[in-house]
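Engineer: Following this line is my_file38.csv, made up of CSV, C-alpha atoms:
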chain,number,residue,atom,x,y,z
A,1,MET,CA,0.0,0.0,0.0
A,2,PRO,CA,1.5,3.4,-1.0
A,3,CYS,CA,2.4,5.7,1.9
A,4,PHE,CA,4.3,9.0,2.3
A,5,CYS,CA,4.8,11.7,4.9
A,6,ARG,CA,2.7,14.8,4.1
A,7,ASP,CA,5.2,17.1,5.8
A,8,CYS,CA,8.5,16.1,4.3
A,9,LEU,CA,7.1,13.9,1.5
A,10,SER,CA,9.3,10.9,2.3
A,11,PRO,CA,8.1,7.6,1.0
A,12,LEU,CA,7.3,5.2,3.9
A,13,PRO,CA,6.3,1.6,4.6
A,14,ALA,CA,2.6,1.2,4.8
A,15,GLU,CA,2.7,0.2,8.5
A,16,SER,CA,4.5,3.4,9.6
A,17,VAL,CA,3.0,5.4,12.5
A,18,ARG,CA,5.3,8.4,12.3
A,19,CYS,CA,7.8,9.6,9.7
A,20,PRO,CA,11.3,8.5,10.8
A,21,ALA,CA,12.8,11.4,8.8
A,22,CYS,CA,10.8,14.3,10.4
A,23,GLY,CA,8.8,12.7,13.2
A,24,SER,CA,5.4,13.9,11.7
A,25,PRO,CA,2.3,11.7,12.3
A,26,ARG,CA,0.7,13.2,9.2
A,27,LEU,CA,1.0,10.2,6.9
A,28,LEU,CA,-1.1,9.5,3.8
A,29,ARG,CA,-1.7,5.9,2.9
A,30,HIS,CA,-4.3,4.3,0.6
A,31,ALA,CA,-4.3,1.2,-1.6
A,32,GLU,CA,-5.3,3.3,-4.7
A,33,LEU,CA,-3.1,6.3,-3.9
A,34,ASP,CA,-1.1,5.9,-7.1
A,35,ARG,CA,-4.2,5.3,-9.3
A,36,LEU,CA,-6.4,8.3,-8.6
A,37,SER,CA,-6.1,11.6,-10.4
A,38,VAL,CA,-9.2,13.9,-9.9
A,39,ALA,CA,-8.8,16.3,-7.1
A,40,HIS,CA,-10.6,19.1,-5.4
A,41,LEU,CA,-8.5,21.7,-3.6
A,42,ASP,CA,-10.2,24.1,-1.1
A,43,CYS,CA,-8.5,26.7,1.0
A,44,ASP,CA,-9.2,26.8,4.7
A,45,ALA,CA,-11.0,29.9,5.8
A,46,PHE,CA,-9.3,31.7,2.9
A,47,TYR,CA,-10.2,35.4,3.5
A,48,ALA,CA,-9.4,35.0,7.2
A,49,ALA,CA,-6.1,33.2,6.4
A,50,VAL,CA,-5.0,36.0,4.1
A,51,GLU,CA,-5.9,38.6,6.7
A,52,LYS,CA,-3.9,36.7,9.4
A,53,ARG,CA,-1.0,36.5,7.0
A,54,GLU,CA,-1.1,40.2,6.5
A,55,ASP,CA,-1.3,40.9,10.3
A,56,PRO,CA,0.4,38.2,12.3
A,57,SER,CA,-0.9,39.7,15.6
A,58,LEU,CA,-4.3,38.1,14.6
A,59,ARG,CA,-2.9,34.6,14.5
A,60,ASP,CA,-4.3,33.4,17.8
A,61,ARG,CA,-7.4,35.6,17.9
A,62,PRO,CA,-10.9,34.9,16.5
A,63,LEU,CA,-11.3,36.7,13.2
A,64,ILE,CA,-14.4,37.4,11.2
A,65,VAL,CA,-14.2,38.8,7.7
A,66,GLY,CA,-17.5,40.5,6.7
A,67,GLY,CA,-19.8,43.5,6.6
A,68,GLY,CA,-21.0,45.9,9.3
A,69,HIS,CA,-23.5,45.1,12.0
A,70,ARG,CA,-26.2,44.5,9.5
A,71,GLY,CA,-24.0,42.6,7.1
A,72,VAL,CA,-23.1,38.9,6.9
A,73,VAL,CA,-20.1,36.8,7.6
A,74,SER,CA,-18.0,36.2,4.5
A,75,THR,CA,-15.4,34.0,6.3
A,76,ALA,CA,-14.6,33.1,9.9
A,77,CYS,CA,-11.3,31.6,11.1
A,78,TYR,CA,-11.4,28.3,12.8
A,79,ILE,CA,-11.1,29.9,16.2
A,80,ALA,CA,-14.3,31.7,15.6
A,81,ARG,CA,-15.9,28.7,14.1
A,82,VAL,CA,-15.4,26.8,17.3
A,83,ARG,CA,-17.7,29.4,18.9
A,84,GLY,CA,-20.4,28.6,16.3
A,85,VAL,CA,-19.7,31.4,13.7
A,86,ARG,CA,-20.4,30.3,10.2
A,87,SER,CA,-20.2,31.9,6.7
A,88,ALA,CA,-23.4,33.8,5.6
A,89,MET,CA,-24.4,34.2,9.2
A,90,PRO,CA,-25.8,37.7,10.1
A,91,MET,CA,-23.0,39.7,11.6
A,92,PHE,CA,-25.0,40.6,14.8
A,93,LYS,CA,-25.5,36.9,15.5
A,94,ALA,CA,-21.8,36.1,14.9
A,95,LEU,CA,-20.8,38.8,17.4
A,96,GLN,CA,-23.3,37.5,19.9
A,97,LEU,CA,-21.6,34.1,19.7
A,98,CYS,CA,-18.1,35.5,19.6
A,99,PRO,CA,-18.1,39.1,21.1
A,100,ASP,CA,-14.2,39.3,21.3
A,101,ALA,CA,-13.8,38.6,17.6
A,102,VAL,CA,-11.8,41.0,15.4
A,103,VAL,CA,-13.9,42.1,12.4
A,104,ARG,CA,-12.2,43.0,9.1
A,105,PRO,CA,-14.0,44.2,5.9
A,106,PRO,CA,-13.3,42.0,2.9
A,107,ARG,CA,-10.4,43.1,0.6
A,108,MET,CA,-11.3,41.3,-2.6
A,109,ALA,CA,-8.4,42.7,-4.6
A,110,LEU,CA,-5.9,41.2,-2.2
A,111,TYR,CA,-7.7,37.9,-2.1
A,112,ALA,CA,-7.8,37.8,-5.9
A,113,GLU,CA,-4.1,38.5,-6.1
A,114,VAL,CA,-3.4,35.5,-3.8
A,115,SER,CA,-5.9,33.4,-5.8
A,116,ARG,CA,-4.0,34.1,-9.1
A,117,ALA,CA,-0.7,33.1,-7.5
A,118,MET,CA,-2.3,29.8,-6.3
A,119,GLN,CA,-3.9,29.1,-9.7
A,120,ALA,CA,-0.5,29.7,-11.3
A,121,MET,CA,1.0,27.0,-9.1
A,122,MET,CA,-1.8,24.6,-10.1
A,123,LEU,CA,-1.3,25.2,-13.8
A,124,GLU,CA,2.4,24.2,-13.4
A,125,LEU,CA,1.1,20.7,-12.6
A,126,THR,CA,-1.7,20.4,-15.1
A,127,PRO,CA,-3.6,22.5,-17.7
A,128,LEU,CA,-6.8,20.9,-16.5
A,129,VAL,CA,-7.7,23.3,-13.6
A,130,GLU,CA,-11.3,24.4,-13.2
A,131,PRO,CA,-11.6,27.2,-10.7
A,132,LEU,CA,-14.9,27.3,-8.7
A,133,SER,CA,-14.1,30.5,-6.8
A,134,LEU,CA,-11.1,32.4,-5.6
A,135,ASP,CA,-10.2,29.7,-3.1
A,136,GLU,CA,-11.2,26.4,-4.6
A,137,ALA,CA,-10.7,24.4,-7.8
A,138,PHE,CA,-10.9,21.0,-9.4
A,139,LEU,CA,-7.7,19.5,-11.0
A,140,ASP,CA,-7.3,16.5,-13.3
A,141,LEU,CA,-3.8,15.2,-13.1
A,142,SER,CA,-4.3,12.3,-15.5
A,143,GLY,CA,-1.1,11.6,-17.4
A,144,THR,CA,1.1,14.0,-15.3
A,145,ALA,CA,3.0,11.3,-13.5
A,146,ARG,CA,5.4,10.7,-16.4
A,147,LEU,CA,5.9,14.5,-16.9
A,148,HIS,CA,6.6,15.3,-13.2
A,149,ARG,CA,8.0,11.9,-12.2
A,150,ALA,CA,5.6,11.6,-9.3
A,151,PRO,CA,2.0,10.3,-8.8
A,152,PRO,CA,-0.8,12.8,-8.5
A,153,ALA,CA,-1.2,12.3,-4.8
A,154,LEU,CA,2.5,13.3,-4.2
A,155,LEU,CA,2.2,16.3,-6.6
A,156,LEU,CA,-0.9,17.5,-4.6
A,157,ALA,CA,0.9,17.2,-1.3
A,158,ARG,CA,3.8,19.2,-2.7
A,159,LEU,CA,1.3,21.8,-3.9
A,160,GLN,CA,-0.4,22.0,-0.5
A,161,ARG,CA,3.0,22.6,1.1
A,162,ARG,CA,4.0,25.2,-1.5
A,163,ILE,CA,0.8,27.2,-1.0
A,164,GLU,CA,1.3,27.2,2.7
A,165,VAL,CA,5.0,28.2,2.6
A,166,GLU,CA,4.9,30.7,-0.3
A,167,LEU,CA,1.4,32.2,0.1
A,168,GLY,CA,0.8,31.9,3.8
A,169,VAL,CA,-2.5,30.1,3.6
A,170,THR,CA,-3.5,26.5,4.0
A,171,ALA,CA,-5.6,24.2,1.8
A,172,SER,CA,-7.3,20.9,2.0
A,173,VAL,CA,-7.3,18.3,-0.8
A,174,GLY,CA,-9.8,15.6,-1.8
A,175,LEU,CA,-8.5,12.9,-4.2
A,176,SER,CA,-10.8,10.4,-5.9
A,177,HIS,CA,-11.9,9.1,-9.3
A,178,ASN,CA,-14.4,11.8,-10.1
A,179,LYS,CA,-15.4,15.4,-9.2
A,180,PHE,CA,-18.3,14.5,-7.0
A,181,LEU,CA,-16.3,12.3,-4.7
A,182,ALA,CA,-13.2,14.5,-4.8
A,183,LYS,CA,-15.3,17.5,-3.5
A,184,ILE,CA,-16.7,15.3,-0.7
A,185,ALA,CA,-13.3,14.1,0.2
A,186,SER,CA,-11.9,17.6,0.5
A,187,GLU,CA,-14.3,18.4,3.4
A,188,ARG,CA,-13.5,15.3,5.4
A,189,ASP,CA,-10.2,16.3,7.0
A,190,LYS,CA,-10.2,20.2,7.3
A,191,PRO,CA,-8.1,22.2,8.0
A,192,ARG,CA,-4.8,21.2,6.2
A,193,GLY,CA,-6.5,17.9,5.3
A,194,PHE,CA,-5.9,15.3,2.6
A,195,ALA,CA,-8.5,12.7,2.2
A,196,VAL,CA,-8.9,9.9,-0.4
A,197,ILE,CA,-12.0,8.0,-1.6
A,198,GLY,CA,-11.0,5.1,-3.9
A,199,ARG,CA,-13.1,3.2,-6.4
A,200,GLU,CA,-13.2,0.0,-4.2
A,201,GLU,CA,-14.6,1.9,-1.2
A,202,THR,CA,-17.1,4.1,-3.0
A,203,ASP,CA,-20.2,2.1,-2.4
A,204,GLY,CA,-19.5,1.4,1.2
A,205,PHE,CA,-18.5,5.0,2.0
A,206,LEU,CA,-21.6,6.5,0.3
A,207,ALA,CA,-24.3,4.2,1.6
A,208,PRO,CA,-24.7,5.6,5.1
A,209,GLN,CA,-24.1,9.3,4.1
A,210,PRO,CA,-27.0,11.7,4.3
A,211,VAL,CA,-28.4,12.9,1.0
A,212,SER,CA,-27.4,16.5,2.0
A,213,ILE,CA,-23.8,15.4,1.2
A,214,ILE,CA,-24.7,15.7,-2.5
A,215,TRP,CA,-23.4,19.0,-3.9
A,216,GLY,CA,-26.3,21.1,-5.2
A,217,VAL,CA,-29.1,19.6,-3.2
A,218,GLY,CA,-30.5,22.7,-1.5
A,219,GLN,CA,-32.9,23.0,1.5
A,220,ALA,CA,-36.0,22.8,-0.7
A,221,GLY,CA,-34.7,19.7,-2.5
A,222,LEU,CA,-33.7,18.1,0.8
A,223,ARG,CA,-37.2,18.6,2.2
A,224,SER,CA,-38.7,17.0,-0.9
A,225,LEU,CA,-36.4,14.0,-0.6
A,226,GLU,CA,-37.1,13.6,3.1
A,227,ARG,CA,-40.9,13.8,2.5
A,228,ASP,CA,-40.4,10.8,0.2
A,229,GLY,CA,-38.5,9.0,2.9
A,230,ILE,CA,-35.1,9.5,1.4
A,231,ARG,CA,-32.6,10.5,4.0
A,232,THR,CA,-29.5,8.6,3.2
A,233,ILE,CA,-27.7,7.6,0.0
A,234,ALA,CA,-28.8,4.0,0.7
A,235,ASP,CA,-32.4,5.2,0.7
A,236,LEU,CA,-31.7,6.9,-2.6
A,237,ARG,CA,-30.3,3.8,-4.1
A,238,GLY,CA,-33.5,1.9,-3.2
A,239,ARG,CA,-35.5,4.0,-5.7
A,240,ASP,CA,-35.4,3.0,-9.3
A,241,ARG,CA,-34.2,5.5,-11.9
A,242,ALA,CA,-37.6,6.0,-13.7
A,243,THR,CA,-39.3,6.9,-10.4
A,244,LEU,CA,-36.7,9.5,-9.5
A,245,VAL,CA,-36.9,11.1,-12.9
A,246,ARG,CA,-40.7,11.3,-12.8
A,247,ARG,CA,-40.5,12.8,-9.3
A,248,PHE,CA,-37.6,15.2,-9.7
A,249,GLY,CA,-37.0,15.5,-13.4
A,250,SER,CA,-33.4,15.9,-14.6
A,251,LEU,CA,-32.3,16.2,-10.9
A,252,GLY,CA,-33.7,12.7,-10.3
A,253,ASP,CA,-31.5,11.2,-13.0
A,254,ARG,CA,-28.4,13.0,-11.5
A,255,LEU,CA,-29.3,11.8,-8.0
A,256,TRP,CA,-29.6,8.2,-9.3
A,257,HIS,CA,-26.0,8.3,-10.8
A,258,LEU,CA,-24.4,10.2,-7.9
A,259,ALA,CA,-25.9,7.7,-5.3
A,260,ARG,CA,-23.8,5.1,-7.1
A,261,GLY,CA,-20.7,7.3,-7.1
A,262,GLU,CA,-21.0,7.9,-10.9
A,263,ASP,CA,-20.1,11.4,-12.2
A,264,GLY,CA,-19.1,11.8,-15.8
A,265,ARG,CA,-18.3,15.5,-15.7
A,266,SER,CA,-14.8,16.3,-16.8
A,267,VAL,CA,-12.6,19.0,-15.3
A,268,THR,CA,-13.2,21.9,-17.6
A,269,PRO,CA,-10.7,24.8,-17.5
A,270,ASP,CA,-12.8,27.4,-19.3
A,271,ARG,CA,-16.3,27.3,-17.9
A,272,PRO,CA,-18.5,30.0,-19.6
A,273,LEU,CA,-19.7,32.8,-17.4
A,274,LYS,CA,-23.4,32.5,-16.9
A,275,SER,CA,-24.2,35.9,-15.3
A,276,ILE,CA,-22.7,39.1,-13.9
A,277,SER,CA,-24.2,40.6,-10.7
A,278,HIS,CA,-23.5,42.8,-7.7
A,279,GLU,CA,-25.4,43.3,-4.5
A,280,THR,CA,-25.2,45.2,-1.2
A,281,THR,CA,-26.4,44.6,2.3
A,282,PHE,CA,-27.6,47.7,4.2
A,283,ASP,CA,-26.8,48.7,7.8
A,284,ALA,CA,-30.6,49.2,8.4
A,285,ASP,CA,-33.6,48.0,6.5
A,286,ILE,CA,-34.7,50.4,3.7
A,287,ALA,CA,-38.2,51.0,2.4
A,288,ASP,CA,-37.7,54.3,0.7
A,289,VAL,CA,-37.9,53.7,-3.1
A,290,ALA,CA,-35.7,56.7,-3.8
A,291,VAL,CA,-32.9,55.5,-1.6
A,292,LEU,CA,-33.3,51.9,-2.9
A,293,GLY,CA,-33.2,53.3,-6.5
A,294,ARG,CA,-29.9,55.2,-5.7
A,295,HIS,CA,-28.3,51.9,-4.5
A,296,LEU,CA,-29.7,50.2,-7.6
A,297,TRP,CA,-28.0,52.7,-9.9
A,298,GLN,CA,-24.6,52.3,-8.1
A,299,LEU,CA,-24.8,48.5,-8.5
A,300,ALA,CA,-25.9,48.8,-12.1
A,301,GLU,CA,-22.8,50.8,-12.8
A,302,LYS,CA,-20.6,48.1,-11.2
A,303,VAL,CA,-22.3,45.3,-13.3
A,304,SER,CA,-22.0,47.5,-16.4
A,305,ALA,CA,-18.3,48.2,-15.8
A,306,ARG,CA,-17.5,44.5,-15.4
A,307,ALA,CA,-19.6,43.4,-18.4
A,308,LYS,CA,-17.8,46.0,-20.6
A,309,ARG,CA,-14.4,44.9,-19.3
A,310,LEU,CA,-15.2,41.3,-20.1
A,311,GLY,CA,-16.7,42.2,-23.5
A,312,LEU,CA,-20.1,40.7,-22.6
A,313,ALA,CA,-23.7,41.8,-22.7
A,314,GLY,CA,-26.8,40.3,-21.1
A,315,ARG,CA,-30.3,39.8,-22.5
A,316,VAL,CA,-31.9,39.2,-19.1
A,317,VAL,CA,-31.8,41.8,-16.3
A,318,THR,CA,-32.4,40.4,-12.8
A,319,LEU,CA,-33.4,42.2,-9.6
A,320,LYS,CA,-32.7,40.6,-6.2
A,321,LEU,CA,-34.3,41.9,-2.9
A,322,LYS,CA,-34.0,40.4,0.5
A,323,ARG,CA,-36.5,41.2,3.2
A,324,ALA,CA,-35.8,41.6,7.0
A,325,ASP,CA,-36.7,38.0,7.6
A,326,HIS,CA,-34.1,36.9,4.9
A,327,SER,CA,-36.7,35.8,2.4
A,328,ILE,CA,-35.6,36.6,-1.1
A,329,LEU,CA,-37.6,38.1,-4.1
A,330,THR,CA,-36.1,37.7,-7.5
A,331,ARG,CA,-37.5,39.4,-10.6
A,332,ARG,CA,-36.4,39.1,-14.2
A,333,GLN,CA,-37.0,41.1,-17.4
A,334,THR,CA,-35.9,40.0,-20.9
A,335,LEU,CA,-34.7,42.7,-23.2
A,336,ASP,CA,-35.1,43.0,-27.0
A,337,GLU,CA,-31.3,43.0,-27.3
A,338,PRO,CA,-28.4,42.3,-25.0
A,339,THR,CA,-27.0,45.2,-23.0
A,340,ALA,CA,-23.9,46.2,-21.1
A,341,MET,CA,-25.1,49.7,-20.4
A,342,ALA,CA,-25.8,50.8,-16.8
A,343,ASP,CA,-28.6,53.1,-17.9
A,344,ARG,CA,-30.5,50.3,-19.6
A,345,MET,CA,-30.0,47.9,-16.7
A,346,TYR,CA,-31.2,50.5,-14.2
A,347,ARG,CA,-34.2,51.6,-16.2
A,348,THR,CA,-35.2,47.9,-16.7
A,349,ALA,CA,-34.9,47.0,-13.0
A,350,LEU,CA,-36.4,50.2,-11.5
A,351,PRO,CA,-40.0,49.4,-12.4
A,352,LEU,CA,-39.5,45.9,-11.0
A,353,LEU,CA,-38.3,47.5,-7.8
A,354,GLN,CA,-41.2,50.0,-7.7
A,355,ARG,CA,-43.7,47.2,-8.2
A,356,ASP,CA,-42.3,45.3,-5.1
A,357,THR,CA,-41.6,48.3,-2.8
A,358,GLY,CA,-44.7,47.4,-0.7
A,359,ALA,CA,-43.1,44.0,0.2
A,360,GLY,CA,-40.3,45.8,2.0
A,361,PRO,CA,-38.4,47.1,3.9
A,362,PHE,CA,-35.4,45.4,2.5
A,363,ARG,CA,-32.0,44.6,3.9
A,364,LEU,CA,-30.3,43.8,0.6
A,365,ILE,CA,-30.6,44.8,-3.1
A,366,GLY,CA,-28.8,43.4,-6.1
A,367,ILE,CA,-28.9,43.6,-9.9
A,368,GLY,CA,-27.4,41.4,-12.6
A,369,VAL,CA,-27.5,40.4,-16.2
A,370,ALA,CA,-27.8,36.8,-17.5
A,371,THR,CA,-28.0,35.0,-20.9
A,372,LEU,CA,-24.7,36.5,-21.8
A,373,SER,CA,-23.3,37.0,-25.3
A,374,ALA,CA,-20.4,38.9,-26.9
A,375,LEU,CA,-20.7,42.7,-26.6
A,376,GLY,CA,-21.8,44.3,-29.8
A,377,ALA,CA,-23.1,47.6,-31.1
A,378,GLU,CA,-26.1,48.6,-28.9
A,379,SER,CA,-28.9,50.7,-30.3
A,380,GLY,CA,-31.3,53.0,-28.4
A,381,ASP,CA,-35.0,52.8,-28.3
A,382,LEU,CA,-36.2,54.1,-31.7
A,383,LEU,CA,-39.4,55.3,-30.0
A,384,SER,CA,-37.5,57.3,-27.4
A,385,PRO,CA,-34.9,59.8,-28.6
A,386,ALA,CA,-33.8,60.3,-25.0
A,387,SER,CA,-32.7,56.7,-24.9
A,388,GLU,CA,-30.2,57.2,-27.6
A,389,ARG,CA,-28.9,60.4,-26.0
A,390,ARG,CA,-28.4,58.5,-22.7
A,391,LEU,CA,-26.5,55.8,-24.4
A,392,LYS,CA,-24.2,58.3,-26.1
A,393,ALA,CA,-23.7,60.1,-22.8
A,394,GLU,CA,-22.7,56.8,-21.1
A,395,ARG,CA,-20.3,55.9,-23.9
A,396,ALA,CA,-18.7,59.4,-23.5
A,397,ALA,CA,-18.4,58.9,-19.7
A,398,ASP,CA,-16.8,55.5,-20.4
A,399,SER,CA,-14.2,57.1,-22.6
A,400,ILE,CA,-13.4,59.7,-20.0
A,401,ARG,CA,-13.0,57.0,-17.3
A,402,ALA,CA,-10.8,54.9,-19.5
A,403,ARG,CA,-8.5,57.9,-20.0
A,404,PHE,CA,-8.5,59.6,-16.6
A,405,GLY,CA,-9.7,56.9,-14.1
A,406,GLU,CA,-12.9,55.5,-12.7
A,407,LYS,CA,-13.6,58.5,-10.5
A,408,ALA,CA,-13.0,61.1,-13.3
A,409,ILE,CA,-16.7,61.4,-13.9
A,410,ILE,CA,-19.5,60.6,-11.5
A,411,LEU,CA,-23.3,60.9,-12.2
A,412,GLY,CA,-25.3,62.8,-9.6
A,413,ARG,CA,-27.6,59.7,-9.4
A,414,SER,CA,-24.6,57.9,-7.8
A,415,LEU,CA,-24.2,60.3,-4.9
A,416,ASP,CA,-25.6,59.5,-1.5
Hey, can you dump this file as structure tokens for me?

Structural biologist:
Amino acid sequence: MPCFCRDCLSPLPAESVRCPACGSPRLLRHAELDRLSVAHLDCDAFYAAVEKREDPSLRDRPLIVGGGHRGVVSTACYIARVRGVRSAMPMFKALQLCPDAVVRPPRMALYAEVSRAMQAMMLELTPLVEPLSLDEAFLDLSGTARLHRAPPALLLARLQRRIEVELGVTASVGLSHNKFLAKIASERDKPRGFAVIGREETDGFLAPQPVSIIWGVGQAGLRSLERDGIRTIADLRGRDRATLVRRFGSLGDRLWHLARGEDGRSVTPDRPLKSISHETTFDADIADVAVLGRHLWQLAEKVSARAKRLGLAGRVVTLKLKRADHSILTRRQTLDEPTAMADRMYRTALPLLQRDTGAGPFRLIGIGVATLSALGAESGDLLSPASERRLKAERAADSIRARFGEKAIILGRSLD
């Protein structure tokens, strides 16, 4: 059975308890260690880890990265997690659980910089890297053993150590024979973990697991499955494929395959972007449509700027509103032609907002565009000469910003 030390990477006899070279008990052994090549790498409390790297005085203190009192937790370090703090938790609740926590606002530009360095390290091992977010990615290392003269498991352990030493953050790795199981494995041994799920053990491992372990099954889907008496993967396997498809549609077919550890998805480096959006959470609930409209415009400008930068336009404008009880309203409007213009996004979403203002007050507002295509020449509304003038004005403002910077020109509508 292959075995090596995860700290010094020395090959070891399978019966080893500690590494004789460095004394570490962190050994990795598995009968299929040399035959598995699909991995999921997930950083441990990434934003918080970067903040602690930047400020070593925070190393032994509970740290929360997130918004103000009415915001939510983006990431909590493991010290704060022991106190019950979790991602997406309202900030006031997190501070009730951990009142001595240090709170830092997110610094996305910094996190993106670390993410790019980490992805560059992955790409040195294989071109088949599929990023899922700034801090996690799938990798397919099939065929890399001959190139790097080491099996994928050892290459991944080297990568883990390199990320920790050079970037100052830690990551956990899951290794298996497909993406579904690799992602499950990466969660089994956090932080600084390395877990393996082989082909031979797939059935036995999955059977007792709750169906909530299946990636993409949300709370609504989970409640539907439980109403049908399906709580574990073994329960799911007991239902025939046709019944699941009739009950849950395409999701039922996916569930039937995943319950058997089957996942035919390949690691795809260039996943197409499906939507572009921005949202903001308020410090206090807002019912005033004029104030909400001003925030909507500011977010539309951000979506527009990103779409133009990426050379994309969207045919569907989406509006997202979150009430004080955290229930969410989502509204969509399909356009006659794709747009990347802030004015058109805003003027499409504003009537949707005005229609739902009575459902407020709201703690969050967001806007986005979907059904993306390549950015092309965009015409104004032929029935509204003012529309063409607004598009020309926005293009002129874009030219000024491109030459003199983002803050060179600001519309009055953007000002608080």

Engineer: Got a sec: who's within 9 Å of region 41-54 of chain A, counting all atoms listed in the file, leaving out chain neighbours fewer than 5 positions off, as a ChimeraX atom specification?

Structural biologist: /A:59,63-65,74-78,104,106-108,110-111,114,134-139,156,160,167-175,182-183,186-187,190-192

Engineer: Quote the spacing between CA of Leu364 (chain A) and CA of Thr334 (chain A) in Å to one decimal place.

Structural biologist: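 Going from CA of Leu364 (chain A) over to CA of Thr334 (chain A) covers 22.5 Å.
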
Engineer: Grab the CA of Ala340 (chain A) to CA of Leu292 (chain A) distance for me, in Å with one decimal place.

Structural biologist: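 Straight-line distance from CA of Ala340 (chain A) to CA of Leu292 (chain A) works out to 21.3 Å.
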
Engineer: To one decimal in Å, tell me the separation between CA of Arg161 (chain A) and CA of Pro20 (chain A).

Structural biologist: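 Atom-to-atom, CA of Arg161 (chain A) and CA of Pro20 (chain A) are spaced 19.0 Å apart.
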
Engineer: Which residues are close to Leu97 (chain A), i.e. within 12 Å by all atoms listed in the file, leaving aside same-chain residues fewer than 5 positions away? Reply as JSON, numbers by chain.

Structural biologist: {"A": [62, 64, 79, 80, 81, 82, 83, 84, 85, 86, 89, 90, 91, 92]}

Engineer: Considering only C-alpha atoms, can you say which of A:Ile367, A:Asp263, A:Val316, A:Arg241 comes closest to Ser277 (chain A)?

Structural biologist: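 Checking each candidate against Ser277 (chain A), we get A:Ile367 as the closest.
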
Engineer: Looking at A:Glu279, A:Asp356, A:Glu32, A:Asp253, which one is nearest to Glu200 (chain A), with distances taken over all atoms listed in the file?

Structural biologist: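 Residue with the minimum atom-to-atom distance to Glu200 (chain A): A:Glu32.
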
Engineer: Would you kindly return, as a compact mmCIF listing (two decimals) with C-alpha atoms, in the frame of the given file, each protein, DNA or RNA residue with an atom no farther than 10 Å from any atom of region 220-222 of chain A, considering all atoms listed in the file and excluding same-chain residues fewer than 6 positions away?

Structural biologist:
# COMPACT_ATOMS: atom_id res chain seq x y z
CA PRO A 210 -27.00 11.70 4.30
CA VAL A 211 -28.40 12.90 1.00
CA SER A 212 -27.40 16.50 2.00
CA ILE A 214 -24.70 15.70 -2.50
CA ASP A 228 -40.40 10.80 0.20
CA ILE A 230 -35.10 9.50 1.40
CA ARG A 231 -32.60 10.50 4.00
CA PHE A 248 -37.60 15.20 -9.70
CA LEU A 251 -32.30 16.20 -10.90

Engineer: Using all atoms listed in the file, which protein or nucleic acid residues come within 6 Å of Arg363 (chain A)? Drop anything in the same chain fewer than 4 positions from it, and give the result as number ranges by chain.

Structural biologist: A: 281-282, 285, 322-324

Engineer: Residues near Glu301 (chain A), anyone? I mean within 9 Å using only C-alpha atoms, not counting same-chain ones fewer than 3 positions away, as a PyMOL selection string.

Structural biologist: chain A and resi 296-298+304-306+341-343+345-346+414

Engineer: Which one is closest to Val267 (chain A): A:Glu226, A:Asp336, A:Glu15, A:Glu130? Count only C-alpha atoms.

Structural biologist: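 Nearest to Val267 (chain A): A:Glu130.
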
Engineer: Using all atoms listed in the file, find the one residue out of A:Gly252, A:Gly198, A:Gly67, A:Gly143 that sits nearest to Arg237 (chain A).

Structural biologist: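 Going through A:Gly252, A:Gly198, A:Gly67, A:Gly143 one by one, the smallest distance to Arg237 (chain A) is for A:Gly252.
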
Engineer: With N, CA and C atoms as the goal, would you fill in the gaps in region 323-332 of chain A and present it as a compact mmCIF listing (two decimals), in the frame of the given file?

Structural biologist:
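Result saved to part-v8.txt:
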# COMPACT_ATOMS: atom_id res chain seq x y z
N ARG A 323 -35.73 40.54 2.18
CA ARG A 323 -36.50 41.20 3.20
C ARG A 323 -35.78 41.04 4.59
N ALA A 324 -36.34 41.69 5.61
CA ALA A 324 -35.80 41.60 7.00
C ALA A 324 -35.73 40.22 7.50
N ASP A 325 -36.69 39.36 7.07
CA ASP A 325 -36.70 38.00 7.60
C ASP A 325 -35.85 37.05 6.71
N HIS A 326 -35.05 37.64 5.80
CA HIS A 326 -34.10 36.90 4.90
C HIS A 326 -34.76 36.18 3.78
N SER A 327 -36.08 36.31 3.62
CA SER A 327 -36.70 35.80 2.40
C SER A 327 -36.31 36.61 1.22
N ILE A 328 -36.19 35.98 0.07
CA ILE A 328 -35.60 36.60 -1.10
C ILE A 328 -36.68 36.73 -2.22
N LEU A 329 -36.75 37.90 -2.85
CA LEU A 329 -37.60 38.10 -4.10
C LEU A 329 -36.61 38.25 -5.24
N THR A 330 -36.88 37.54 -6.32
CA THR A 330 -36.10 37.70 -7.50
C THR A 330 -37.01 37.97 -8.70
N ARG A 331 -36.68 39.03 -9.44
CA ARG A 331 -37.50 39.40 -10.60
C ARG A 331 -36.59 39.48 -11.83
N ARG A 332 -37.15 39.13 -12.99
CA ARG A 332 -36.40 39.10 -14.20
C ARG A 332 -37.15 39.82 -15.35
